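Colleague: As input, take data-v4.csv (CSV, C-alpha atoms):
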```
chain,number,residue,atom,x,y,z
Q,5,MET,CA,36.1,8.8,-5.8
Q,6,PHE,CA,38.5,11.7,-5.2
Q,7,THR,CA,41.1,12.2,-7.9
Q,8,GLY,CA,44.2,14.4,-8.2
Q,9,ILE,CA,47.2,15.0,-5.9
Q,10,VAL,CA,46.5,15.2,-2.2
Q,11,THR,CA,49.2,16.4,0.2
Q,12,VAL,CA,48.8,15.3,3.9
Q,13,THR,CA,50.8,16.6,6.8
Q,14,GLY,CA,50.1,17.0,10.5
Q,15,GLU,CA,50.8,16.3,14.1
Q,16,HIS,CA,52.6,13.1,15.3
Q,17,ASP,CA,50.4,10.0,15.4
Q,18,THR,CA,47.3,11.6,13.8
Q,19,GLY,CA,47.0,8.8,11.3
Q,20,LYS,CA,48.5,10.2,8.1
Q,21,THR,CA,49.4,6.7,6.8
Q,22,THR,CA,46.1,5.3,7.9
Q,23,LEU,CA,44.2,8.0,6.0
Q,24,GLY,CA,46.0,7.1,2.7
Q,25,LEU,CA,45.3,3.4,3.2
Q,26,GLU,CA,41.6,4.1,3.7
Q,27,ALA,CA,41.3,6.0,0.4
Q,28,GLY,CA,40.5,3.1,-1.8
Q,29,ALA,CA,40.4,-0.7,-2.1
Q,30,PRO,CA,43.6,-2.2,-0.6
Q,31,SER,CA,44.1,-4.5,-3.6
Q,32,ARG,CA,44.2,-1.4,-5.8
Q,33,THR,CA,46.5,0.6,-3.6
Q,34,TYR,CA,50.3,1.0,-4.0
Q,35,LEU,CA,52.2,2.1,-0.9
Q,36,LEU,CA,55.7,3.5,-1.3
Q,37,ASP,CA,56.9,3.4,2.3
Q,38,ASP,CA,59.7,5.8,3.3
Q,39,ASP,CA,58.8,6.1,6.9
Q,40,VAL,CA,60.2,3.9,9.7
Q,41,LYS,CA,56.7,3.1,11.0
Q,42,GLY,CA,55.4,2.0,7.6
Q,43,ARG,CA,56.8,-1.5,7.8
Q,44,SER,CA,54.9,-2.3,11.0
Q,45,THR,CA,51.7,-1.0,9.4
Q,46,TYR,CA,52.2,-3.2,6.4
Q,47,ASN,CA,52.9,-6.2,8.7
Q,48,ASP,CA,49.7,-5.5,10.7
Q,49,LEU,CA,47.7,-5.5,7.4
Q,50,ALA,CA,49.2,-8.8,6.4
Q,51,LEU,CA,48.3,-10.4,9.8
Q,52,ALA,CA,44.7,-9.1,9.3
Q,53,GLY,CA,44.7,-10.8,5.9
Q,54,VAL,CA,44.7,-7.5,4.0
Q,55,GLU,CA,46.9,-7.5,0.9
Q,56,LEU,CA,47.9,-4.3,-0.8
Q,57,GLY,CA,48.2,-4.1,-4.6
Q,58,ARG,CA,51.9,-3.4,-4.2
Q,59,TYR,CA,54.3,-2.4,-1.4
Q,60,THR,CA,57.8,-1.0,-1.6
Q,61,ASP,CA,60.0,-0.5,1.5
Q,62,LEU,CA,62.0,2.6,0.4
Q,63,THR,CA,63.6,2.9,3.9
Q,64,ALA,CA,65.3,-0.5,3.3
Q,65,ALA,CA,65.9,0.1,-0.4
Q,66,GLY,CA,67.4,3.5,0.2
Q,67,ARG,CA,69.9,2.3,2.8
Q,68,GLY,CA,73.5,2.8,1.5
Q,69,ARG,CA,72.3,4.6,-1.7
Q,70,THR,CA,73.5,8.1,-2.6
Q,71,GLU,CA,70.9,10.8,-3.4
Q,72,LEU,CA,71.3,10.1,-7.1
Q,73,ALA,CA,71.2,6.3,-6.8
Q,74,PHE,CA,68.0,6.7,-4.7
Q,75,HIS,CA,66.5,9.0,-7.2
Q,76,ASN,CA,67.2,6.6,-10.1
Q,77,TYR,CA,65.8,3.7,-8.1
Q,78,CYS,CA,62.5,5.6,-7.4
Q,79,MET,CA,62.2,6.7,-11.0
Q,80,GLY,CA,62.5,3.0,-12.0
Q,81,LEU,CA,59.6,2.2,-9.7
Q,82,ILE,CA,57.5,5.0,-11.3
Q,83,ARG,CA,58.2,3.8,-14.8
Q,84,ASP,CA,57.2,0.2,-13.8
Q,85,ILE,CA,53.7,1.4,-12.9
Q,86,LYS,CA,51.2,0.5,-15.7
Q,87,ASP,CA,48.4,2.9,-16.6
Q,88,GLY,CA,45.3,2.0,-14.6
Q,89,GLU,CA,47.1,-0.6,-12.5
Q,90,PHE,CA,46.2,1.1,-9.3
Q,91,ASP,CA,43.5,3.5,-8.0
Q,92,VAL,CA,45.5,5.0,-5.2
Q,93,LEU,CA,49.2,5.6,-4.8
Q,94,MET,CA,50.6,6.8,-1.4
Q,95,TRP,CA,54.2,8.0,-1.1
Q,96,ASP,CA,54.9,8.1,2.7
Q,97,THR,CA,56.9,10.3,3.0
Q,98,TRP,CA,57.6,12.3,-0.1
Q,99,THR,CA,60.5,14.3,1.4
Q,100,ARG,CA,63.6,12.3,0.6
Q,101,PHE,CA,62.6,11.7,-3.0
Q,102,GLN,CA,61.7,15.4,-3.3
Q,103,GLN,CA,65.2,16.4,-2.0
Q,104,SER,CA,66.8,14.3,-4.8
Q,105,PHE,CA,65.5,16.4,-7.7
Q,106,HIS,CA,68.0,19.3,-7.3
Q,107,PRO,CA,71.0,17.0,-7.0
Q,108,TYR,CA,69.8,15.2,-10.2
Q,109,VAL,CA,69.6,18.5,-12.1
Q,110,LYS,CA,73.1,19.5,-10.9
Q,111,ALA,CA,74.5,16.1,-12.0
Q,112,HIS,CA,72.7,16.2,-15.4
Q,113,PRO,CA,72.4,19.9,-16.4
Q,114,SER,CA,72.3,19.2,-20.2
Q,115,GLU,CA,69.0,17.3,-19.8
Q,116,PHE,CA,67.3,20.5,-18.7
Q,117,ARG,CA,68.9,23.4,-20.5
Q,118,ALA,CA,71.1,23.9,-23.5
Q,119,THR,CA,72.9,26.8,-21.8
Q,120,TRP,CA,73.3,28.0,-18.3
Q,121,ALA,CA,74.4,31.3,-16.8
Q,122,LEU,CA,78.1,31.5,-16.1
Q,123,MET,CA,77.7,33.5,-12.9
Q,124,GLY,CA,77.0,31.2,-9.9
Q,125,LYS,CA,74.5,33.6,-8.4
Q,126,ILE,CA,72.4,33.3,-11.5
Q,127,LYS,CA,73.0,29.7,-12.3
Q,128,GLY,CA,72.1,28.6,-8.8
Q,129,PRO,CA,68.5,29.9,-9.0
Q,130,GLN,CA,68.2,28.5,-12.5
Q,131,MET,CA,69.0,25.0,-11.2
Q,132,TRP,CA,66.5,25.3,-8.4
Q,133,ASN,CA,63.8,26.4,-10.9
Q,134,GLU,CA,64.6,23.5,-13.2
Q,135,ALA,CA,64.4,21.1,-10.2
Q,136,SER,CA,61.0,22.5,-9.3
Q,137,LEU,CA,59.8,22.0,-12.9
Q,138,TYR,CA,61.2,18.5,-12.9
Q,139,GLU,CA,59.4,17.6,-9.7
Q,140,ALA,CA,56.1,18.9,-11.2
Q,141,ALA,CA,56.7,16.8,-14.3
Q,142,ILE,CA,57.2,13.7,-12.3
Q,143,LEU,CA,54.1,14.4,-10.2
Q,144,ASN,CA,52.2,14.8,-13.5
Q,145,GLU,CA,53.5,11.5,-14.7
Q,146,LEU,CA,52.3,9.8,-11.5
Q,147,GLN,CA,48.9,11.5,-11.9
Q,148,GLN,CA,48.6,10.2,-15.4
Q,149,LYS,CA,49.2,6.6,-14.2
Q,150,VAL,CA,47.2,6.7,-10.9
Q,151,PRO,CA,43.9,8.7,-10.4
Q,152,LEU,CA,44.6,9.5,-6.7
Q,153,VAL,CA,48.1,10.3,-5.6
Q,154,ILE,CA,48.6,10.9,-1.8
Q,155,LEU,CA,51.9,12.4,-0.7
Q,156,ASN,CA,52.6,12.5,3.0
Q,157,THR,CA,55.1,14.8,4.7
Q,158,HIS,CA,56.1,15.5,8.3
Q,159,LEU,CA,56.3,18.9,10.0
Q,160,LYS,CA,59.4,21.1,10.5
Q,161,ASP,CA,60.2,24.1,12.6
Q,162,ASP,CA,59.5,27.6,11.1
Q,163,TYR,CA,62.2,30.2,11.4
Q,164,VAL,CA,62.1,34.0,11.1
Q,165,GLY,CA,65.5,35.8,11.1
Q,166,GLY,CA,67.2,32.7,12.3
Q,167,GLN,CA,64.9,32.3,15.3
Q,168,LYS,CA,62.3,29.6,15.8
Q,169,THR,CA,58.8,31.2,15.8
Q,170,GLY,CA,57.2,28.3,17.8
Q,171,LYS,CA,55.3,27.3,14.6
Q,172,MET,CA,55.6,24.3,12.5
Q,173,LYS,CA,55.2,24.0,8.8
Q,174,PRO,CA,54.9,21.2,6.2
Q,175,ALA,CA,58.3,19.7,5.2
Q,176,HIS,CA,57.9,20.1,1.5
Q,177,GLY,CA,58.6,22.7,-1.1
Q,178,LYS,CA,56.5,25.2,-3.1
Q,179,THR,CA,56.1,22.8,-6.0
Q,180,LEU,CA,53.9,20.4,-4.0
Q,181,ALA,CA,51.9,23.3,-2.6
Q,182,ARG,CA,51.2,24.5,-6.2
Q,183,VAL,CA,50.3,21.3,-7.9
Q,184,SER,CA,48.2,19.6,-5.2
Q,185,ARG,CA,44.5,19.6,-5.7
Q,186,LEU,CA,43.9,19.3,-1.9
Q,187,ARG,CA,46.3,20.0,1.0
Q,188,ILE,CA,45.4,19.0,4.6
Q,189,TRP,CA,46.9,19.2,8.0
Q,190,LEU,CA,45.7,16.5,10.4
Q,191,ARG,CA,45.1,17.3,14.1
Q,192,HIS,CA,44.1,15.0,17.0
Q,193,ASN,CA,40.4,14.8,17.5
Q,194,PRO,CA,39.4,14.9,21.2
Q,195,ARG,CA,36.0,13.3,20.4
Q,196,SER,CA,37.1,10.5,18.0
Q,197,PRO,CA,40.0,8.5,16.8
Q,198,VAL,CA,39.3,9.9,13.4
Q,199,PRO,CA,41.4,13.1,13.1
Q,200,ILE,CA,40.4,16.6,12.3
Q,201,ALA,CA,41.6,18.0,9.0
Q,202,LEU,CA,42.6,21.7,8.5
Q,203,VAL,CA,42.3,22.5,4.8
Q,204,LEU,CA,45.4,24.3,3.6
Q,205,LYS,CA,44.3,24.3,0.0
Q,206,ARG,CA,40.6,23.9,-0.6
Q,207,LEU,CA,39.0,21.4,-2.8
Q,208,ASP,CA,36.6,22.9,-5.3
Q,209,GLU,CA,34.5,21.7,-8.2
Q,210,LYS,CA,33.2,23.2,-11.4
Q,211,ARG,CA,29.4,23.0,-11.6
Q,212,LEU,CA,26.7,24.2,-14.0
Q,213,ILE,CA,24.3,26.4,-12.1
Q,214,ASP,CA,21.4,28.1,-13.9
Q,215,GLY,CA,23.2,27.4,-17.2
Q,216,ARG,CA,26.4,29.0,-16.1
Q,217,LEU,CA,29.7,27.5,-15.0
Q,218,ARG,CA,30.5,28.2,-11.4
Q,219,THR,CA,33.3,27.2,-9.0
Q,220,VAL,CA,31.9,25.7,-5.8
Q,221,ALA,CA,33.9,25.3,-2.6
Q,222,VAL,CA,33.5,21.7,-1.5
Q,223,LEU,CA,35.2,21.7,1.9
Q,224,PRO,CA,35.3,24.2,4.8
Q,225,ARG,CA,38.6,25.4,6.3
Q,226,LYS,CA,38.2,22.8,9.0
Q,227,VAL,CA,36.8,19.3,8.5
Q,228,THR,CA,35.5,17.6,11.6
Q,229,PRO,CA,34.2,14.0,11.3
Q,230,ARG,CA,30.5,13.5,12.1
Q,231,PRO,CA,28.5,13.3,14.3
Q,232,TRP,CA,28.1,17.0,15.1
Q,233,PRO,CA,25.8,18.3,17.9
Q,234,ILE,CA,23.6,20.7,16.0
Q,235,THR,CA,23.5,21.5,12.3
Q,236,ASP,CA,21.0,22.1,9.5
Q,237,TYR,CA,21.6,18.5,8.3
Q,238,LEU,CA,20.0,15.7,10.2
Q,239,ASP,CA,22.4,13.1,9.0
Q,240,SER,CA,25.4,15.1,10.3
Q,241,MET,CA,24.0,14.6,13.8
Q,242,THR,CA,23.3,10.9,13.5
Q,243,VAL,CA,25.9,9.4,11.2
Q,244,LYS,CA,29.3,8.4,12.6
Q,245,ASP,CA,32.2,8.8,10.2
Q,246,GLU,CA,34.7,5.9,10.4
Q,247,SER,CA,37.2,7.8,8.2
Q,248,LEU,CA,37.8,11.3,7.0
Q,249,TRP,CA,37.1,10.0,3.5
Q,250,ASP,CA,33.5,9.5,4.7
Q,251,THR,CA,33.3,13.1,5.7
Q,252,PHE,CA,34.9,14.3,2.5
Q,253,GLN,CA,32.3,12.2,0.5
Q,254,TRP,CA,29.5,13.9,2.5
Q,255,TYR,CA,30.8,17.3,1.6
Q,256,GLN,CA,30.9,16.4,-2.0
Q,257,GLU,CA,27.2,15.7,-1.8
Q,258,ASN,CA,26.7,18.7,0.5
Q,259,PRO,CA,29.3,21.3,-0.6
Q,260,VAL,CA,30.0,24.2,1.8
Q,261,GLY,CA,29.6,26.7,-1.0
Q,262,HIS,CA,29.0,30.2,0.3
Q,263,ARG,CA,27.0,29.3,3.4
Q,264,LEU,CA,28.2,30.3,6.9
Q,265,PRO,CA,30.3,27.7,8.6
Q,266,PHE,CA,29.0,25.6,11.5
Q,267,PRO,CA,30.9,25.7,14.8
Q,268,GLU,CA,32.6,22.3,13.9
Q,269,GLU,CA,33.9,23.9,10.7
Q,270,THR,CA,35.3,27.1,12.4
Q,271,PRO,CA,39.0,27.0,13.2
Q,272,ASN,CA,40.2,28.3,16.6
Q,273,GLU,CA,43.0,30.9,17.0
Q,274,TYR,CA,45.8,28.3,16.8
Q,275,GLU,CA,44.2,26.6,13.8
Q,276,LEU,CA,43.8,29.9,12.0
Q,277,SER,CA,47.5,30.6,12.6
Q,278,ILE,CA,48.3,27.4,10.7
Q,279,LEU,CA,45.9,28.1,7.9
Q,280,ASP,CA,46.9,31.8,7.4
Q,281,GLY,CA,50.6,31.5,8.2
Q,282,THR,CA,50.3,33.9,11.1
Q,283,LEU,CA,51.5,33.7,14.7
Q,284,THR,CA,49.3,33.4,17.8
Q,285,ASP,CA,49.9,35.9,20.6
Q,286,GLU,CA,51.8,33.2,22.5
Q,287,GLN,CA,54.0,32.5,19.5
Q,288,LYS,CA,54.7,36.2,19.0
Q,289,LEU,CA,55.8,36.4,22.7
Q,290,VAL,CA,58.2,33.5,22.2
Q,291,LEU,CA,59.7,35.0,19.1
Q,292,ARG,CA,60.1,38.4,20.7
Q,293,SER,CA,61.8,36.8,23.7
Q,294,ALA,CA,64.2,34.8,21.5
Q,295,ILE,CA,65.1,37.9,19.4
Q,296,GLN,CA,65.7,40.0,22.6
Q,297,SER,CA,67.8,37.2,24.1
Q,298,GLU,CA,69.9,37.1,20.9
Q,299,LYS,CA,70.4,40.9,21.1
Q,300,ILE,CA,71.5,40.7,24.7
Q,301,GLU,CA,74.0,37.9,23.9
Q,302,GLU,CA,75.4,40.1,21.0
Q,303,VAL,CA,75.9,43.0,23.4
Q,304,GLU,CA,77.6,40.8,26.0
Q,305,THR,CA,79.9,39.4,23.3
Q,306,VAL,CA,80.9,42.8,22.1
Q,307,GLU,CA,81.5,44.0,25.7
Q,308,MET,CA,83.7,41.0,26.5
Q,309,ALA,CA,85.7,41.6,23.3
Q,310,ASN,CA,86.3,45.2,24.3
Q,311,VAL,CA,87.5,44.2,27.8
Q,312,ALA,CA,89.9,41.6,26.3
Q,313,ARG,CA,91.2,44.2,23.8
Q,314,GLU,CA,91.9,46.8,26.5
Q,315,ARG,CA,93.7,44.3,28.7
Q,316,ALA,CA,95.9,43.1,25.8
Q,317,ARG,CA,96.9,46.7,25.1
Q,318,GLU,CA,97.8,47.3,28.7
Q,319,LEU,CA,100.1,44.3,28.8
Q,320,SER,CA,101.6,45.2,25.5
Q,321,GLU,CA,102.4,48.8,26.6
Q,322,GLY,CA,104.1,47.2,29.7
Q,323,GLY,CA,106.5,45.4,27.4
Q,324,ASP,CA,105.1,41.9,27.3
Q,325,ASN,CA,105.4,40.0,24.0
Q,326,TYR,CA,102.4,38.2,22.4
Q,327,MET,CA,103.0,34.8,24.0
Q,328,THR,CA,103.4,36.3,27.5
Q,329,ILE,CA,100.2,38.4,27.0
Q,330,VAL,CA,98.3,35.2,26.0
Q,331,GLU,CA,99.6,33.3,29.1
Q,332,LYS,CA,98.8,36.1,31.5
Q,333,MET,CA,95.3,36.8,30.1
Q,334,ARG,CA,94.4,33.1,30.1
Q,335,GLY,CA,95.5,32.8,33.7
Q,336,GLU,CA,93.4,35.9,34.6
Q,337,VAL,CA,90.3,34.4,32.8
Q,338,GLU,CA,90.7,31.1,34.5
Q,339,GLY,CA,91.2,32.8,37.9
Q,340,GLY,CA,88.1,35.0,37.4
Q,341,GLY,CA,90.0,38.3,37.2
Q,342,LEU,CA,89.2,38.9,33.5
Q,343,THR,CA,85.8,38.4,31.9
Q,344,CYS,CA,86.0,37.2,28.3
Q,345,ASP,CA,85.8,34.0,26.4
Q,346,LEU,CA,88.9,31.8,27.0
Q,347,ASP,CA,88.8,30.5,23.5
Q,348,ASP,CA,89.2,34.0,22.1
Q,349,VAL,CA,92.6,34.5,23.9
Q,350,THR,CA,94.9,33.4,21.1
Q,351,VAL,CA,98.2,34.8,19.7
Q,352,MET,CA,96.4,35.8,16.4
Q,353,ASN,CA,93.7,37.7,18.3
Q,354,VAL,CA,96.2,39.4,20.6
Q,355,MET,CA,98.1,40.6,17.5
Q,356,GLN,CA,94.9,42.2,16.2
Q,357,TRP,CA,94.0,43.7,19.6
Q,358,VAL,CA,97.3,45.5,20.2
Q,359,LYS,CA,97.5,47.1,16.8
```
Render the structure in this file as structure tokens.
Modeller:
Amino acid sequence: MFTGIVTVTGEHDTGKTTLGLEAGAPSRTYLLDDDVKGRSTYNDLALAGVELGRYTDLTAAGRGRTELAFHNYCMGLIRDIKDGEFDVLMWDTWTRFQQSFHPYVKAHPSEFRATWALMGKIKGPQMWNEASLYEAAILNELQQKVPLVILNTHLKDDYVGGQKTGKMKPAHGKTLARVSRLRIWLRHNPRSPVPIALVLKRLDEKRLIDGRLRTVAVLPRKVTPRPWPITDYLDSMTVKDESLWDTFQWYQENPVGHRLPFPEETPNEYELSILDGTLTDEQKLVLRSAIQSEKIEEVETVEMANVARERARELSEGGDNYMTIVEKMRGEVEGGGLTCDLDDVTVMNVMQWVK
């Protein structure tokens, strides 16, 4: 059985919740559900006669609670877990609880440091750092209580310089990326209802080889459920994986190591952009277009401001007061004789323009 912290993200409806529920025996699984679809999944299991070890509806429990109240409620749930009570814990999704760590540190600073910097620009980063350490400590506590901890997150837009790049990225912080033993991104599989997994952080194992300790890569960068058309392994062509956990188990018995990847293990350009944090040619084009559009808008805004300034000065030199200038300019804008933003034509702006 897999152990450690596993982070799962991915495209919509790829089966992130299902993957977590398939990781172990249902009666030994604890589902902390903070996703609106989770309740229907739980109800479907109940109708099928499948009973989970424990289920908590965090969506309902968190309704009306402040960030701190929600944080304290979740901490109570964690403290109630007995060592060895469950084999698998799935937190679906981790995001809202993760976002409560920083507010908790701000509300209880003395629990984390005896002294803090007086300057805000130094104290702010200190608090974010303590929040990250606090999250890591809670994850360690979960790991001590439950062998396999699965944390699901959604995807969010990626930005560069205030512009969407066209990429998506996992909606979690650096702490989760650092402490997870395995991080995967699920994609729809055109050949099977079992999704494909892109491996953001590889699973490896320590093995004794020829009397020496060596680190062996277990998974390739792309995990495709079997069967595969042609490989060096007969069973990979004949066995049908019903879950990604079946595929993961096969790789534990047949680790990828240093061999060349099979075609089914080779990411395409888009998948490589996800794994390497790069942009595809199409995404680069979208970003360049967005940046260029923003530059054009900035130039047009400056040009319109210059036009408004010159017109205000002309009217002022003609003897008009501020209120009259505003009335005339607004009338010209509405009539199409003056090109500028109507909302910019105010007494305060006119006073600045005619100086």
Colleague: Please identify all polymer residues within 9 Å of stretch 346-354 of chain Q, counting all atoms listed in the file, omitting same-chain residues fewer than 3 positions from it, and present them as a list in words.
Modeller: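 Skipping anything fewer than 3 positions along the chain leaves Ala309, Ala312, Arg313, Ala316, Arg317, Tyr326, Met327, Ile329, Val330, Glu331, Met333, Arg334, Val337, Glu338, Thr343, Trp357, Val358 and Lys359 of chain Q.
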Colleague: For Q:Asp245, which of Q:Pro229, Q:Pro151, Q:Gly42, Q:Pro265 is the closest residue, counting only C-alpha atoms?
Modeller: Q:Pro229
Colleague: Excluding Q:Phe74 and any residue of its chain fewer than 5 positions from it, enumerate the residues within 12 Å of it, using only C-alpha atoms, and give them as a PyMOL selection string.
Modeller: chain Q and resi 38+62-69+79-81+100-105+107-108
Colleague: Which one is closest to Q:Glu257: Q:Ile142, Q:Ala201, Q:Ile82, Q:Leu223? Count only C-alpha atoms.
Modeller: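 When distances to Q:Glu257 are compared using only C-alpha atoms, the smallest one comes from Q:Leu223.
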Colleague: Just checking: using only C-alpha atoms, which residue out of Q:Thr70, Q:Thr18, Q:Asn156, Q:Ser31 ends up closest to Q:Gly53?
Modeller: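 Closest residue, counting only C-alpha atoms: Q:Ser31.
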Colleague: Write out as a list in words the residues lying within 9 Å of Q:Pro197, counting only C-alpha atoms and excluding same-chain residues fewer than 4 positions away.
Modeller: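 With the cut-off at 9 Å, the set is Thr18, Gly19, His192, Asn193 and Glu246 of chain Q.
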Colleague: With the cut-off set at 12 Å and counting all atoms listed in the file, tabulate each residue of stretch 176-203 of chain Q with an atom at most that distance from an atom of stretch 126-132 of chain Q, showing the nearest atom pair and its distance in Å to one decimal, ordered by chain and increasing number, as JSON lines.
Modeller:
```
{"residue": "Q:Gly177", "atom": "CA", "partner": "Q:Trp132", "partner_atom": "CA", "distance": 11.1}
{"residue": "Q:Lys178", "atom": "CA", "partner": "Q:Trp132", "partner_atom": "CA", "distance": 11.3}
{"residue": "Q:Thr179", "atom": "CA", "partner": "Q:Trp132", "partner_atom": "CA", "distance": 11.0}
```
Colleague: Identify the residues around (49.6, 18.6, -7.1) within a radius of 12 Å, measuring from all atoms listed in the file in the coordinates stated by the file, and give them as JSON, numbers by chain.
Modeller: {"Q": [7, 8, 9, 10, 11, 12, 139, 140, 141, 142, 143, 144, 145, 146, 147, 148, 151, 152, 153, 154, 155, 177, 178, 179, 180, 181, 182, 183, 184, 185, 186, 187, 205, 207]}
Colleague: What gap, in Å, lies between atom CA of Q:Ile188 and atom CA of Q:Thr157?
Modeller: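 Between atom CA of Q:Ile188 and atom CA of Q:Thr157 the gap is 10.6 Å.
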Colleague: Name the residues, using the chain letters and numbers of the file, that sit within 7 Å of (40.8, 27.6, 10.9) when counting all atoms listed in the file, and give them as a short mmCIF file (atom, residue, chain, number, x, y, z; two decimals) with C-alpha atoms, keeping the file's coordinate frame.
Modeller:
```cif
data_model
loop_
_atom_site.label_atom_id
_atom_site.label_comp_id
_atom_site.auth_asym_id
_atom_site.auth_seq_id
_atom_site.Cartn_x
_atom_site.Cartn_y
_atom_site.Cartn_z
CA LEU Q 202 42.60 21.70 8.50
CA ARG Q 225 38.60 25.40 6.30
CA LYS Q 226 38.20 22.80 9.00
CA THR Q 270 35.30 27.10 12.40
CA PRO Q 271 39.00 27.00 13.20
CA ASN Q 272 40.20 28.30 16.60
CA GLU Q 275 44.20 26.60 13.80
CA LEU Q 276 43.80 29.90 12.00
CA LEU Q 279 45.90 28.10 7.90
#
```
Colleague: Report the distance between atom CA of Q:Met94 and atom CA of Q:Tyr34 in Å, rounded to one decimal place.
Modeller: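 Atom-to-atom, atom CA of Q:Met94 to atom CA of Q:Tyr34, that is 6.4 Å.
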Colleague: Find the distance between atom CA of Q:Thr21 and atom CA of Q:Thr97 and write it in Å to one decimal.
Modeller: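 Those two atoms sit 9.1 Å apart.
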Colleague: Counting only C-alpha atoms, figure out which residue out of Q:Phe6, Q:Tyr138, Q:Trp95, Q:Phe266 gets nearest to Q:Leu36.
Modeller: Q:Trp95
Colleague: With only C-alpha atoms as the counted atoms, please give the residues lying no more than 10 Å from Q:Ala175, apart from itself and same-chain residues fewer than 3 positions off, as a PyMOL selection string.
Modeller: chain Q and resi 13+97-99+156-162+172
Colleague: Using only C-alpha atoms, which of the listed residues (Q:Ser196, Q:Thr60, Q:Ser247, Q:Thr228) sits closest to Q:Glu269?
Modeller: Q:Thr228
Colleague: Restricting the calculation to only C-alpha atoms, which member of Q:Arg32, Q:Leu51, Q:Leu342, Q:Thr169 is positioned closest to Q:Gly88?
Modeller: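 Residue with the minimum atom-to-atom distance to Q:Gly88: Q:Arg32.
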